[in-house]
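Below is the file data07.cif, which contains mmCIF, C-alpha atoms and all ligand atoms.
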```
data_work
#
loop_
_atom_site.label_atom_id
_atom_site.label_comp_id
_atom_site.auth_asym_id
_atom_site.auth_seq_id
_atom_site.Cartn_x
_atom_site.Cartn_y
_atom_site.Cartn_z
CA MET A 1 20.35 -7.26 -108.60
CA PRO A 2 17.19 -9.30 -108.01
CA ILE A 3 14.37 -8.64 -110.49
CA LEU A 4 11.86 -8.45 -107.65
CA SER A 5 12.30 -7.69 -104.04
CA LEU A 6 9.71 -7.92 -101.28
CA ARG A 7 10.79 -6.05 -98.18
CA ASN A 8 9.14 -6.66 -94.82
CA LEU A 9 5.65 -7.10 -96.28
CA SER A 10 2.83 -7.24 -93.78
CA LYS A 11 -0.84 -7.64 -94.61
CA ARG A 12 -3.93 -8.29 -92.55
CA PHE A 13 -7.63 -8.36 -93.31
CA GLY A 14 -9.37 -7.25 -90.15
CA ARG A 15 -8.08 -9.61 -87.47
CA ASN A 16 -6.78 -12.11 -89.99
CA VAL A 17 -3.02 -11.53 -90.18
CA VAL A 18 -1.92 -13.05 -93.50
CA LEU A 19 1.64 -11.81 -94.07
CA ARG A 20 4.03 -10.99 -91.22
CA ASP A 21 7.13 -9.15 -92.25
CA VAL A 22 7.85 -11.25 -95.34
CA SER A 23 11.07 -10.47 -97.18
CA LEU A 24 12.09 -12.19 -100.41
CA GLU A 25 14.54 -11.45 -103.20
CA ILE A 26 13.68 -13.06 -106.52
CA GLU A 27 16.49 -13.85 -108.91
CA THR A 28 16.20 -13.00 -112.62
CA GLY A 29 15.50 -15.87 -115.00
CA LYS A 30 14.87 -18.48 -112.31
CA THR A 31 11.76 -20.31 -111.21
CA LEU A 32 10.66 -19.75 -107.64
CA VAL A 33 8.01 -22.06 -106.19
CA VAL A 34 5.89 -20.83 -103.30
CA LEU A 35 4.38 -23.70 -101.32
CA GLY A 36 1.83 -23.58 -98.57
CA PRO A 37 -1.50 -25.00 -97.49
CA SER A 38 -4.77 -23.40 -98.65
CA GLY A 39 -5.54 -20.07 -97.08
CA THR A 40 -1.95 -19.24 -96.04
CA GLY A 41 -1.66 -16.18 -98.26
CA LYS A 42 -0.04 -17.45 -101.44
CA SER A 43 -2.47 -15.62 -103.71
CA VAL A 44 -2.28 -12.58 -101.46
CA LEU A 45 1.50 -12.60 -101.91
CA LEU A 46 1.19 -12.75 -105.72
CA LYS A 47 -1.36 -9.94 -105.71
CA HIS A 48 1.09 -7.71 -103.81
CA ILE A 49 3.69 -8.31 -106.50
CA VAL A 50 1.40 -7.05 -109.27
CA GLY A 51 -0.11 -4.29 -107.15
CA LEU A 52 -3.63 -5.74 -106.94
CA LEU A 53 -3.24 -5.51 -103.16
CA LYS A 54 -1.32 -2.92 -101.16
CA PRO A 55 0.73 -3.90 -98.12
CA ASP A 56 -0.07 -2.50 -94.69
CA ARG A 57 3.68 -2.23 -94.18
CA GLY A 58 6.67 -3.02 -96.33
CA GLU A 59 7.70 -2.46 -99.92
CA VAL A 60 7.70 -4.12 -103.33
CA TRP A 61 10.55 -3.37 -105.74
CA PHE A 62 10.77 -4.31 -109.42
CA GLU A 63 14.02 -3.79 -111.32
CA GLY A 64 15.24 -1.24 -108.82
CA GLN A 65 11.98 0.73 -108.71
CA ARG A 66 9.63 0.82 -105.76
CA ILE A 67 6.17 -0.08 -107.10
CA ASP A 68 3.85 -0.57 -104.12
CA ASN A 69 3.27 3.16 -103.67
CA ILE A 70 3.14 4.45 -107.25
CA LYS A 71 0.16 5.92 -109.10
CA GLU A 72 -2.27 3.56 -110.80
CA ARG A 73 -1.24 4.96 -114.19
CA ASP A 74 2.46 4.21 -113.56
CA LEU A 75 1.56 0.84 -112.13
CA ALA A 76 -0.29 -0.03 -115.34
CA VAL A 77 2.98 0.45 -117.23
CA VAL A 78 4.94 -1.68 -114.76
CA ARG A 79 2.25 -4.38 -114.96
CA GLU A 80 3.05 -4.93 -118.64
CA ASN A 81 6.15 -6.73 -117.39
CA PHE A 82 4.05 -9.32 -115.61
CA GLY A 83 2.05 -12.19 -117.04
CA PHE A 84 -0.45 -13.48 -114.52
CA LEU A 85 -2.04 -16.91 -114.80
CA PHE A 86 -4.88 -16.56 -112.34
CA GLN A 87 -6.11 -19.42 -110.19
CA MET A 88 -9.48 -19.32 -111.97
CA GLY A 89 -7.84 -18.83 -115.40
CA ALA A 90 -10.74 -16.55 -116.42
CA LEU A 91 -11.11 -16.42 -120.19
CA PHE A 92 -13.81 -14.37 -121.87
CA ASP A 93 -16.40 -16.97 -122.88
CA SER A 94 -17.88 -14.81 -125.63
CA LEU A 95 -14.54 -14.33 -127.41
CA THR A 96 -12.68 -16.95 -129.46
CA ASN A 97 -9.43 -18.31 -128.04
CA LEU A 98 -7.43 -16.17 -130.46
CA GLU A 99 -9.39 -13.05 -129.46
CA ASN A 100 -8.75 -13.88 -125.81
CA VAL A 101 -5.00 -14.06 -126.40
CA ALA A 102 -5.12 -10.93 -128.55
CA PHE A 103 -7.02 -8.96 -125.91
CA PRO A 104 -4.06 -7.48 -123.98
CA LEU A 105 -2.34 -6.61 -127.25
CA LYS A 106 -5.40 -4.69 -128.41
CA GLU A 107 -5.64 -2.90 -125.07
CA HIS A 108 -2.01 -2.03 -124.53
CA THR A 109 -0.27 -1.77 -127.92
CA THR A 110 -0.63 0.18 -131.14
CA LEU A 111 0.02 -2.86 -133.32
CA SER A 112 -2.20 -3.39 -136.36
CA ALA A 113 -4.94 -6.02 -136.34
CA VAL A 114 -2.83 -8.24 -138.61
CA GLU A 115 0.22 -7.96 -136.34
CA ILE A 116 -1.89 -8.66 -133.29
CA ALA A 117 -3.43 -11.77 -134.83
CA ALA A 118 0.02 -13.04 -135.83
CA LYS A 119 1.42 -12.47 -132.36
CA ALA A 120 -1.56 -14.13 -130.68
CA GLN A 121 -1.15 -17.08 -133.04
CA ASP A 122 2.55 -17.37 -132.05
CA CYS A 123 1.52 -17.48 -128.39
CA LEU A 124 -1.01 -20.23 -129.06
CA ALA A 125 1.72 -22.20 -130.86
CA MET A 126 4.04 -21.64 -127.89
CA VAL A 127 1.58 -23.42 -125.60
CA GLY A 128 1.08 -26.20 -128.14
CA LEU A 129 -2.42 -25.21 -129.29
CA PRO A 130 -1.84 -23.67 -132.74
CA GLU A 131 -5.22 -24.82 -134.02
CA ALA A 132 -7.30 -23.59 -131.09
CA GLY A 133 -7.58 -19.97 -132.28
CA PRO A 134 -11.01 -20.03 -133.96
CA LYS A 135 -12.62 -22.17 -131.26
CA MET A 136 -14.41 -20.88 -128.18
CA PRO A 137 -13.06 -21.40 -124.64
CA GLY A 138 -16.20 -23.43 -123.84
CA GLU A 139 -15.12 -26.05 -126.38
CA MET A 140 -11.80 -26.67 -124.65
CA SER A 141 -10.90 -28.96 -121.75
CA GLY A 142 -9.78 -27.57 -118.38
CA GLY A 143 -6.11 -28.15 -119.15
CA GLN A 144 -6.43 -26.54 -122.57
CA ARG A 145 -8.16 -23.50 -121.09
CA LYS A 146 -5.22 -23.08 -118.70
CA ARG A 147 -2.89 -23.15 -121.69
CA ILE A 148 -4.97 -20.55 -123.57
CA ALA A 149 -4.86 -18.36 -120.46
CA LEU A 150 -1.10 -18.90 -120.37
CA ALA A 151 -0.84 -17.88 -124.05
CA ARG A 152 -2.68 -14.69 -123.09
CA ALA A 153 -0.35 -14.15 -120.13
CA ILE A 154 2.73 -14.24 -122.39
CA ALA A 155 1.24 -12.14 -125.21
CA MET A 156 2.79 -8.88 -123.99
CA GLY A 157 6.24 -10.48 -123.66
CA PRO A 158 6.41 -10.36 -119.87
CA LYS A 159 9.66 -10.52 -117.91
CA VAL A 160 7.94 -12.28 -115.05
CA ILE A 161 5.19 -14.91 -115.20
CA LEU A 162 3.16 -15.55 -112.07
CA TYR A 163 1.32 -18.84 -111.92
CA ASP A 164 -1.36 -19.23 -109.27
CA GLU A 165 -1.90 -22.97 -108.73
CA PRO A 166 -1.53 -23.80 -112.41
CA THR A 167 -2.08 -27.55 -111.97
CA THR A 168 -4.94 -27.51 -109.47
CA GLY A 169 -7.91 -29.48 -110.78
CA LEU A 170 -5.91 -31.17 -113.55
CA ASP A 171 -5.11 -34.89 -113.73
CA PRO A 172 -1.43 -35.90 -113.39
CA ILE A 173 -0.82 -36.03 -117.15
CA ARG A 174 -2.41 -32.63 -117.84
CA SER A 175 -0.52 -31.27 -114.84
CA ASP A 176 2.73 -32.48 -116.29
CA VAL A 177 1.98 -30.73 -119.59
CA ILE A 178 1.70 -27.49 -117.59
CA ASN A 179 4.96 -28.26 -115.77
CA GLU A 180 6.71 -28.83 -119.11
CA LEU A 181 5.27 -25.55 -120.38
CA ILE A 182 6.60 -23.67 -117.36
CA LEU A 183 10.06 -25.10 -118.07
CA ARG A 184 9.75 -24.37 -121.78
CA LEU A 185 8.73 -20.75 -121.33
CA GLN A 186 11.58 -20.21 -118.91
CA ALA A 187 14.04 -21.68 -121.44
CA LYS A 188 12.62 -20.04 -124.58
CA LEU A 189 11.64 -16.64 -123.23
CA GLY A 190 14.17 -16.37 -120.42
CA VAL A 191 11.42 -15.28 -118.06
CA THR A 192 11.46 -15.26 -114.30
CA SER A 193 8.69 -17.50 -112.98
CA ILE A 194 6.89 -17.53 -109.68
CA VAL A 195 4.78 -20.63 -109.24
CA VAL A 196 2.34 -20.88 -106.36
CA THR A 197 1.28 -24.46 -105.78
CA HIS A 198 0.56 -27.20 -103.30
CA ASP A 199 1.42 -29.83 -105.91
CA MET A 200 4.74 -31.32 -104.76
CA ASN A 201 5.40 -33.10 -108.08
CA SER A 202 5.08 -29.81 -109.86
CA ALA A 203 7.30 -28.07 -107.31
CA PHE A 204 10.05 -30.66 -107.61
CA LYS A 205 9.94 -30.55 -111.38
CA VAL A 206 10.02 -26.81 -112.05
CA ALA A 207 11.71 -25.17 -109.05
CA ASP A 208 15.14 -23.61 -108.93
CA ARG A 209 14.20 -22.50 -105.45
CA ILE A 210 11.36 -23.39 -103.10
CA VAL A 211 9.93 -21.29 -100.29
CA MET A 212 7.11 -22.34 -98.00
CA LEU A 213 4.65 -19.88 -96.55
CA HIS A 214 3.27 -20.91 -93.18
CA GLY A 215 1.72 -18.83 -90.42
CA GLY A 216 2.37 -15.63 -92.36
CA VAL A 217 6.13 -16.15 -92.60
CA LEU A 218 8.54 -17.92 -94.96
CA HIS A 219 8.97 -21.06 -92.95
CA PHE A 220 11.35 -22.68 -95.43
CA ASP A 221 13.72 -21.40 -98.12
CA GLY A 222 15.80 -23.86 -100.13
CA THR A 223 15.76 -26.18 -103.12
CA ALA A 224 13.96 -29.36 -104.16
CA GLU A 225 16.88 -31.31 -102.71
CA THR A 226 17.04 -29.53 -99.38
CA ILE A 227 13.27 -29.59 -98.82
CA LYS A 228 13.26 -33.38 -99.26
CA GLN A 229 15.92 -33.63 -96.57
CA SER A 230 14.31 -31.15 -94.21
CA THR A 231 13.67 -32.49 -90.72
CA ASP A 232 11.25 -29.69 -89.88
CA PRO A 233 7.94 -31.35 -88.92
CA ILE A 234 5.75 -28.75 -90.66
CA VAL A 235 7.73 -29.10 -93.89
CA GLN A 236 7.80 -32.90 -93.65
CA ARG A 237 4.05 -33.15 -93.09
CA PHE A 238 3.36 -30.83 -95.99
CA ILE A 239 5.54 -32.81 -98.39
CA ALA A 240 4.06 -36.10 -97.25
CA GLY A 241 0.53 -34.70 -97.29
CA GLU A 242 -0.13 -35.76 -93.72
CA ALA A 243 -2.53 -33.98 -91.40
CA GLY A 244 -1.06 -32.89 -88.07
CA ASP A 245 -2.59 -32.17 -84.65
CA ASP A 246 -3.66 -28.69 -85.76
CA GLU A 247 -5.62 -30.04 -88.70
CA LEU A 248 -7.17 -32.88 -86.72
CA ALA A 249 -8.10 -31.04 -83.51
CA TRP A 250 -11.77 -30.85 -84.60
CA MET A 251 -11.97 -34.64 -84.80
CA LYS A 252 -10.96 -35.07 -81.19
CA LYS A 253 -13.61 -32.52 -80.18
CA ALA A 254 -16.34 -34.19 -82.23
N1 LIG B 1 -9.59 -9.41 -100.41
C1 LIG B 1 -9.63 -10.08 -99.26
N2 LIG B 1 -10.37 -9.66 -98.21
C2 LIG B 1 -10.39 -10.32 -97.05
N3 LIG B 1 -9.69 -11.46 -96.81
C3 LIG B 1 -8.93 -11.93 -97.81
C4 LIG B 1 -8.86 -11.29 -99.08
N4 LIG B 1 -8.03 -12.00 -99.87
C5 LIG B 1 -7.61 -13.03 -99.12
N5 LIG B 1 -8.14 -13.00 -97.89
C6 LIG B 1 -7.86 -13.96 -96.80
O1 LIG B 1 -6.46 -14.09 -96.70
C7 LIG B 1 -6.09 -15.43 -96.42
C8 LIG B 1 -5.14 -15.94 -97.48
O2 LIG B 1 -5.83 -16.07 -98.69
P1 LIG B 1 -5.13 -16.59 -100.01
O3 LIG B 1 -3.91 -15.80 -100.29
O4 LIG B 1 -6.18 -16.57 -101.07
O5 LIG B 1 -4.73 -18.09 -99.63
P2 LIG B 1 -4.03 -19.18 -100.55
O6 LIG B 1 -2.73 -19.50 -99.87
O7 LIG B 1 -4.96 -20.36 -100.53
O8 LIG B 1 -3.87 -18.59 -101.91
C9 LIG B 1 -7.38 -16.22 -96.34
O9 LIG B 1 -7.74 -16.31 -94.98
C10 LIG B 1 -8.37 -15.35 -97.10
O10 LIG B 1 -9.67 -15.54 -96.62
MG MG B 2 -4.69 -19.06 -103.71
#
```
Turn this file's structure into structure tokens for me.
Ligand SMILES: Nc1ncnc2c1ncn2[C@@H]1O[C@H](COP(=O)(O)OP(=O)(O)O)[C@@H](O)[C@H]1O
Ligand SMILES: [Mg+2]
Amino acid sequence: MPILSLRNLSKRFGRNVVLRDVSLEIETGKTLVVLGPSGTGKSVLLKHIVGLLKPDRGEVWFEGQRIDNIKERDLAVVRENFGFLFQMGALFDSLTNLENVAFPLKEHTTLSAVEIAAKAQDCLAMVGLPEAGPKMPGEMSGGQRKRIALARAIAMGPKVILYDEPTTGLDPIRSDVINELILRLQAKLGVTSIVVTHDMNSAFKVADRIVMLHGGVLHFDGTAETIKQSTDPIVQRFIAGEAGDDELAWMKKA
């Protein structure tokens, strides 16, 4: 049984059709990479998985339970299975790093303060920042802040981690640290990972499976090997980072 299943998801905002009948089964314990240019609906797709957006049509299933139509209170319980690393990695600037990581534990568990601090410290160690606890997010670099946010995302022991463009804005070395962390968390925690990115290096490094969202549909579904060999022009241009006629039409007009 897949851990997650998206069935015929459709979503539009006014006249902007973002998802058209998207179906996807996500295998337990594997890393799925979702590729696609900016504005194609990658974040929208992730938000449907955690119930932050509701589909116009279609269903979302988690571990055999339909979750797109359940009450907010039940959804809150299901959400504890998901760790979400948001695109803007929002940490609370007025809390220390340790307090940031401890936050979901305080909100959602009955653990004692001592247990919570110990758990948060373990999560910081897991992302390679065991000494960052007492510092403030503002004292950390961009890459370190992503890792603190990741420590917070794993604090509740999620079964699924969703990464929304985890390497965007980071230099190649810092990006690779994040890639290694994605691999490490999969190996150590046995989590299922969904990584949204347009960073091909990252995709090739972490993916068990790669899908590409384009024009509201899954335009490609395969592996790092098969995407490299794809002869589809849209896929090829995306991998090579080349602009096509669609992207350059404005230049001809100008
Ligand atoms: N809450 C919203 N209301 C209206 N439009 C939205 C909303 N969220 C996303 N969109 C639109 O949906 C499209 C896909 O957005 P998004 O999923 O953020 O793209 P990306 O692939 O870059 O993550 C964009 O055109 C965006 O403007
Ligand atoms: Mg996005």
> Taking (3.2, -4.0, -89.1) in the file's coordinates, which residues come within 10 Å, counting all atoms listed in the file, written as a list of chain:residue names?
Replying inline: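 Every polymer residue passing the test: A:Asn8, A:Leu9, A:Ser10, A:Lys11, A:Arg12, A:Val17, A:Leu19, A:Arg20, A:Asp21, A:Pro55, A:Asp56, A:Arg57, A:Gly58.
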Can you write out the residues you just picked, keeping C-alpha atoms, as a PDB file, in the coordinates of the input?
```
ATOM      1  CA  ASN A   8       9.140  -6.660 -94.820  1.00  0.00           C
ATOM      2  CA  LEU A   9       5.650  -7.100 -96.280  1.00  0.00           C
ATOM      3  CA  SER A  10       2.830  -7.240 -93.780  1.00  0.00           C
ATOM      4  CA  LYS A  11      -0.840  -7.640 -94.610  1.00  0.00           C
ATOM      5  CA  ARG A  12      -3.930  -8.290 -92.550  1.00  0.00           C
ATOM      6  CA  VAL A  17      -3.020 -11.530 -90.180  1.00  0.00           C
ATOM      7  CA  LEU A  19       1.640 -11.810 -94.070  1.00  0.00           C
ATOM      8  CA  ARG A  20       4.030 -10.990 -91.220  1.00  0.00           C
ATOM      9  CA  ASP A  21       7.130  -9.150 -92.250  1.00  0.00           C
ATOM     10  CA  PRO A  55       0.730  -3.900 -98.120  1.00  0.00           C
ATOM     11  CA  ASP A  56      -0.070  -2.500 -94.690  1.00  0.00           C
ATOM     12  CA  ARG A  57       3.680  -2.230 -94.180  1.00  0.00           C
ATOM     13  CA  GLY A  58       6.670  -3.020 -96.330  1.00  0.00           C
TER      14      GLY A  58
END
```
>> What does the list of residues within 9 Å of ligand LIG 1 (chain B) look like if you count all atoms listed in the file, written as a ChimeraX atom specification?
In response: /A:11-14,16-19,35-47,53,87,164-165,196-197,213
Write the residues of the selection above to a file with C-alpha atoms, as a PDB file, in the frame of the given file.
```pdb
ATOM      1  CA  LYS A  11      -0.840  -7.640 -94.610  1.00  0.00           C
ATOM      2  CA  ARG A  12      -3.930  -8.290 -92.550  1.00  0.00           C
ATOM      3  CA  PHE A  13      -7.630  -8.360 -93.310  1.00  0.00           C
ATOM      4  CA  GLY A  14      -9.370  -7.250 -90.150  1.00  0.00           C
ATOM      5  CA  ASN A  16      -6.780 -12.110 -89.990  1.00  0.00           C
ATOM      6  CA  VAL A  17      -3.020 -11.530 -90.180  1.00  0.00           C
ATOM      7  CA  VAL A  18      -1.920 -13.050 -93.500  1.00  0.00           C
ATOM      8  CA  LEU A  19       1.640 -11.810 -94.070  1.00  0.00           C
ATOM      9  CA  LEU A  35       4.380 -23.700-101.320  1.00  0.00           C
ATOM     10  CA  GLY A  36       1.830 -23.580 -98.570  1.00  0.00           C
ATOM     11  CA  PRO A  37      -1.500 -25.000 -97.490  1.00  0.00           C
ATOM     12  CA  SER A  38      -4.770 -23.400 -98.650  1.00  0.00           C
ATOM     13  CA  GLY A  39      -5.540 -20.070 -97.080  1.00  0.00           C
ATOM     14  CA  THR A  40      -1.950 -19.240 -96.040  1.00  0.00           C
ATOM     15  CA  GLY A  41      -1.660 -16.180 -98.260  1.00  0.00           C
ATOM     16  CA  LYS A  42      -0.040 -17.450-101.440  1.00  0.00           C
ATOM     17  CA  SER A  43      -2.470 -15.620-103.710  1.00  0.00           C
ATOM     18  CA  VAL A  44      -2.280 -12.580-101.460  1.00  0.00           C
ATOM     19  CA  LEU A  45       1.500 -12.600-101.910  1.00  0.00           C
ATOM     20  CA  LEU A  46       1.190 -12.750-105.720  1.00  0.00           C
ATOM     21  CA  LYS A  47      -1.360  -9.940-105.710  1.00  0.00           C
ATOM     22  CA  LEU A  53      -3.240  -5.510-103.160  1.00  0.00           C
ATOM     23  CA  GLN A  87      -6.110 -19.420-110.190  1.00  0.00           C
ATOM     24  CA  ASP A 164      -1.360 -19.230-109.270  1.00  0.00           C
ATOM     25  CA  GLU A 165      -1.900 -22.970-108.730  1.00  0.00           C
ATOM     26  CA  VAL A 196       2.340 -20.880-106.360  1.00  0.00           C
ATOM     27  CA  THR A 197       1.280 -24.460-105.780  1.00  0.00           C
ATOM     28  CA  LEU A 213       4.650 -19.880 -96.550  1.00  0.00           C
TER      29      LEU A 213
END
```
> What lies within 8 Å of Lys135 (chain A) using all atoms listed in the file, ignoring chain neighbours under 4 positions off, as a PyMOL selection string?
Replying inline: chain A and resi 96-98+139
> When you draw a straight line from CA of Ala118 (chain A) to CA of Arg152 (chain A), how long is it in Å?
Replying inline: 13.1 Å
>> Taking (21.4, -4.6, -112.4) in the coordinates of the supplied file, I want to know which residues reach to within 10 Å of it, counting all atoms listed in the file; could you give the answer as a list in words?
In response: Met1, Pro2, Ile3, Thr28, Glu63 and Gly64 of chain A
>> Report, in Å with one decimal, the straight-line distance from CA of Phe220 (chain A) to CA of Glu180 (chain A).
In response: 24.9 Å
> Using only C-alpha atoms and all ligand atoms, which of the listed residues (A:Leu6, A:Ala243, A:Leu91, A:Val195) sits closest to ligand MG 2 (chain B)?
Replying inline: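 Once distances to ligand MG 2 (chain B) are computed over only C-alpha atoms and all ligand atoms, the minimum belongs to A:Val195.
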